[in-house]
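Chemist: Enclosed is the structure file model.cif (mmCIF, C-alpha atoms).
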```cif
data_final
#
loop_
_atom_site.label_atom_id
_atom_site.label_comp_id
_atom_site.auth_asym_id
_atom_site.auth_seq_id
_atom_site.Cartn_x
_atom_site.Cartn_y
_atom_site.Cartn_z
CA MET A 1 -34.52 -8.70 -30.15
CA LEU A 2 -34.16 -10.98 -27.13
CA THR A 3 -34.53 -8.12 -24.67
CA GLY A 4 -37.56 -6.81 -26.54
CA SER A 5 -39.09 -10.30 -26.55
CA ALA A 6 -38.55 -10.66 -22.81
CA ASP A 7 -40.06 -7.22 -22.26
CA ALA A 8 -43.10 -8.11 -24.38
CA GLY A 9 -43.59 -11.26 -22.31
CA ALA A 10 -43.32 -9.25 -19.10
CA ILE A 11 -45.88 -6.71 -20.31
CA GLY A 12 -48.25 -9.47 -21.39
CA SER A 13 -47.87 -11.19 -18.05
CA GLY A 14 -48.45 -7.99 -16.13
CA LEU A 15 -51.61 -7.26 -18.08
CA THR A 16 -53.08 -10.71 -17.44
CA VAL A 17 -52.51 -11.01 -13.68
CA GLY A 18 -55.87 -11.52 -12.03
CA ARG A 19 -57.11 -11.72 -8.48
CA HIS A 20 -56.32 -14.91 -6.60
CA ASP A 21 -56.50 -16.07 -3.02
CA ALA A 22 -53.25 -16.64 -1.14
CA SER A 23 -53.20 -20.43 -1.52
CA ARG A 24 -53.57 -20.25 -5.31
CA LEU A 25 -50.80 -17.65 -5.45
CA LEU A 26 -48.40 -19.95 -3.63
CA TYR A 27 -48.95 -22.84 -6.05
CA GLY A 28 -48.94 -20.44 -8.98
CA VAL A 29 -45.48 -19.21 -8.01
CA LEU A 30 -44.15 -22.76 -8.24
CA PHE A 31 -45.76 -23.19 -11.66
CA TRP A 32 -44.49 -19.88 -13.05
CA TRP A 33 -40.93 -20.38 -11.80
CA GLY A 34 -40.95 -23.93 -13.17
CA LEU A 35 -42.15 -22.74 -16.56
CA GLY A 36 -39.51 -20.01 -16.45
CA GLY A 37 -36.82 -22.57 -15.70
CA LEU A 38 -37.90 -24.64 -18.70
CA ALA A 39 -37.93 -21.53 -20.89
CA ALA A 40 -34.41 -20.67 -19.72
CA VAL A 41 -33.22 -24.17 -20.63
CA VAL A 42 -34.79 -23.81 -24.08
CA LEU A 43 -33.20 -20.36 -24.46
CA THR A 44 -29.72 -21.72 -23.71
CA GLN A 45 -30.19 -24.51 -26.27
CA ALA A 46 -31.98 -22.50 -29.00
CA GLN A 47 -30.28 -22.65 -32.37
CA GLY A 48 -32.66 -20.31 -34.19
CA GLY A 49 -33.67 -16.73 -33.56
CA LEU A 50 -37.42 -17.37 -33.46
CA LEU A 51 -37.14 -20.10 -30.81
CA ALA A 52 -34.80 -17.91 -28.77
CA MET A 53 -37.18 -14.95 -28.98
CA ALA A 54 -40.19 -17.10 -28.04
CA SER A 55 -38.40 -18.60 -25.05
CA ALA A 56 -37.18 -15.13 -23.99
CA ALA A 57 -40.79 -13.89 -24.13
CA VAL A 58 -41.94 -16.81 -21.98
CA LEU A 59 -39.04 -16.23 -19.59
CA GLY A 60 -39.84 -12.52 -19.27
CA GLY A 61 -43.50 -13.31 -18.62
CA THR A 62 -42.79 -15.99 -16.03
CA ILE A 63 -40.32 -13.85 -14.13
CA THR A 64 -42.85 -11.03 -13.94
CA ARG A 65 -45.70 -13.34 -12.93
CA GLY A 66 -43.55 -15.10 -10.35
CA LEU A 67 -42.38 -11.86 -8.75
CA VAL A 68 -45.84 -10.27 -8.76
CA SER A 69 -47.38 -13.41 -7.29
CA THR A 70 -44.71 -13.68 -4.60
CA ARG A 71 -45.13 -10.04 -3.61
CA ALA A 72 -48.93 -10.37 -3.54
CA PHE A 73 -48.62 -13.53 -1.41
CA ILE A 74 -46.44 -11.67 1.09
CA GLN A 75 -48.90 -8.77 1.22
CA LEU A 76 -51.90 -11.06 1.74
CA THR A 77 -50.41 -13.37 4.37
CA THR A 78 -48.05 -11.23 6.46
CA PRO A 79 -49.38 -9.54 9.60
CA ASP A 80 -49.55 -5.76 9.26
CA ALA A 81 -46.87 -5.22 11.93
CA LEU A 82 -44.35 -7.26 9.88
CA LYS A 83 -45.43 -6.38 6.35
CA GLY A 84 -42.81 -3.67 5.77
CA ARG A 85 -39.99 -5.89 6.99
CA ALA A 86 -41.16 -8.85 4.92
CA LEU A 87 -41.48 -6.75 1.76
CA SER A 88 -38.05 -5.19 2.40
CA ALA A 89 -36.50 -8.65 2.72
CA HIS A 90 -38.25 -9.69 -0.49
CA GLY A 91 -36.91 -6.59 -2.24
CA LEU A 92 -33.36 -7.33 -1.10
CA ILE A 93 -33.59 -10.89 -2.39
CA VAL A 94 -35.08 -9.78 -5.72
CA ARG A 95 -32.41 -7.14 -6.25
CA GLY A 96 -29.46 -9.09 -4.85
CA SER A 97 -29.95 -12.54 -6.32
CA PRO A 98 -29.33 -11.56 -9.97
CA ALA A 99 -25.99 -10.02 -9.00
CA LEU A 100 -25.00 -13.12 -7.03
CA ALA A 101 -26.09 -15.34 -9.92
CA ALA A 102 -24.06 -13.25 -12.37
CA LEU A 103 -21.02 -13.60 -10.12
CA ALA A 104 -21.49 -17.37 -9.90
CA ILE A 105 -22.05 -17.72 -13.65
CA GLY A 106 -18.97 -15.59 -14.37
CA TYR A 107 -16.89 -17.72 -12.04
CA ALA A 108 -18.21 -20.94 -13.60
CA THR A 109 -17.62 -19.61 -17.12
CA ASP A 110 -13.92 -19.21 -16.32
CA ARG A 111 -13.81 -22.94 -15.59
CA PHE A 112 -16.38 -24.26 -18.10
CA ASP A 113 -18.00 -22.85 -21.23
CA LEU A 114 -20.71 -20.20 -21.08
CA GLU A 115 -23.53 -22.48 -22.24
CA ARG A 116 -23.02 -25.02 -19.44
CA SER A 117 -22.58 -22.28 -16.87
CA VAL A 118 -25.82 -20.53 -17.81
CA LEU A 119 -27.68 -23.85 -18.14
CA PHE A 120 -26.77 -24.73 -14.54
CA SER A 121 -29.00 -22.02 -13.02
CA PRO A 122 -32.36 -23.10 -14.48
CA THR A 123 -31.47 -26.75 -13.88
CA LEU A 124 -30.84 -25.99 -10.22
CA LEU A 125 -34.13 -24.05 -10.07
CA LEU A 126 -36.06 -26.98 -11.57
CA LEU A 127 -34.49 -29.40 -9.09
CA ALA A 128 -35.47 -27.12 -6.20
CA LEU A 129 -39.04 -26.88 -7.52
CA PHE A 130 -39.34 -30.66 -7.86
CA THR A 131 -38.12 -30.96 -4.27
CA LEU A 132 -40.73 -28.44 -3.08
CA ALA A 133 -43.52 -30.07 -5.07
#
```
For this file, produce the structure as structure tokens.
Modeler:
Amino acid sequence: MLTGSADAGAIGSGLTVGRHDASRLLYGVLFWWGLGGLAAVVLTQAQGGLLAMASAAVLGGTITRGLVSTRAFIQLTTPDALKGRALSAHGLIVRGSPALAALAIGYATDRFDLERSVLFSPTLLLLALFTLA
């Protein structure tokens, strides 16, 4: 149910992405990742199934919107001669960071409980976003 909720949020987000100029995309990325961080915090603390499914849907939607917006920003602002390299670097980060996060969360879970270990990631994301803002 949680995976399906996240997928529904991702589909909804993908269907509602509109056209934006590069500057709006950059600020939008901060908003979407911030909202995703809050949804992840709610998901880790959810006691009921409906709240967990709703926060998973928001999380799935914000991840999709954040990644689409970041990729569009790179495509709109990178010179043509560097576009392939920039998109390749973005792809490596997008594909590699979940594996590194899973490794870090697994390591932390051996020392703490799972809830605190998983809660650390969105908290760190929110702190980074506040610093950038």
Chemist: Using only C-alpha atoms, which protein or nucleic acid residues come within 10 Å of Val118 in chain A? Drop anything in the same chain fewer than 3 positions from it, and give the result as a PyMOL selection string.
Modeler: chain A and resi 40-41+43-44+101-102+104-106+108-109+113-115+121-123
Chemist: Nearest residue to Gly14 in chain A out of A:Pro98, A:Gly84, A:Gly61, A:Gly91, using only C-alpha atoms?
Modeler: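 Selected residue with least distance to Gly14 in chain A: A:Gly61.
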Chemist: Could you write out as lines of an AutoDock Vina configuration file the box around range 67-77 of chain A (axis-aligned, all atoms listed in the file, 5 Å on each side), with centre and edge lengths in Å to one decimal?
Modeler:
```
center_x = -47.1
center_y = -11.2
center_z = -2.2
size_x = 19.5
size_y = 14.9
size_z = 23.1
```
Chemist: Mind listing whatever residues come within 9 Å of the point (-43.6, -9.0, -24.5)? Use all atoms listed in the file, file coordinates, and give them as a PyMOL selection string.
Modeler: chain A and resi 4-13+56-58+60-61
Chemist: Grab the residues selected above and save them as a JSON list (two decimals), in the frame of the given file with C-alpha atoms.
Modeler:
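See again_19.json below for the written result:
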```json
[["chain", "number", "residue", "atom", "x", "y", "z"],
["A", 4, "GLY", "CA", -37.56, -6.81, -26.54],
["A", 5, "SER", "CA", -39.09, -10.30, -26.55],
["A", 6, "ALA", "CA", -38.55, -10.66, -22.81],
["A", 7, "ASP", "CA", -40.06, -7.22, -22.26],
["A", 8, "ALA", "CA", -43.10, -8.11, -24.38],
["A", 9, "GLY", "CA", -43.59, -11.26, -22.31],
["A", 10, "ALA", "CA", -43.32, -9.25, -19.10],
["A", 11, "ILE", "CA", -45.88, -6.71, -20.31],
["A", 12, "GLY", "CA", -48.25, -9.47, -21.39],
["A", 13, "SER", "CA", -47.87, -11.19, -18.05],
["A", 56, "ALA", "CA", -37.18, -15.13, -23.99],
["A", 57, "ALA", "CA", -40.79, -13.89, -24.13],
["A", 58, "VAL", "CA", -41.94, -16.81, -21.98],
["A", 60, "GLY", "CA", -39.84, -12.52, -19.27],
["A", 61, "GLY", "CA", -43.50, -13.31, -18.62]]
```
Chemist: Name the residues captured by the PyMOL selection byres ((chain A and resi 27) around 12) when it is applied to the shown file; answer as a list of chain:residue names.
Modeler: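 Listing what the PyMOL selection byres ((chain A and resi 27) around 12) selects in the shown file: A:His20, A:Asp21, A:Ala22, A:Ser23, A:Arg24, A:Leu25, A:Leu26, A:Gly28, A:Val29, A:Leu30, A:Phe31, A:Trp32, A:Trp33, A:Gly34, A:Gly66, A:Ser69, A:Thr70, A:Phe73, A:Leu129, A:Leu132, A:Ala133.
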Chemist: Considering only C-alpha atoms, return as a tab-separated table (two decimals) with C-alpha atoms, in the coordinates of the input whatever protein or nucleic-acid residues lie within 9 Å of Lys83 in chain A, sequence-local ones (same chain, fewer than 6 positions apart) excluded.
Modeler:
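Saved to out31.tsv:
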```tsv
chain	number	residue	atom	x	y	z
A	74	ILE	CA	-46.44	-11.67	1.09
A	75	GLN	CA	-48.90	-8.77	1.22
A	77	THR	CA	-50.41	-13.37	4.37
```
Chemist: Give me, please, the distance in Å between CA of Gly48 in chain A and CA of Leu125 in chain A, quoted to one decimal.
Modeler: 24.5 Å
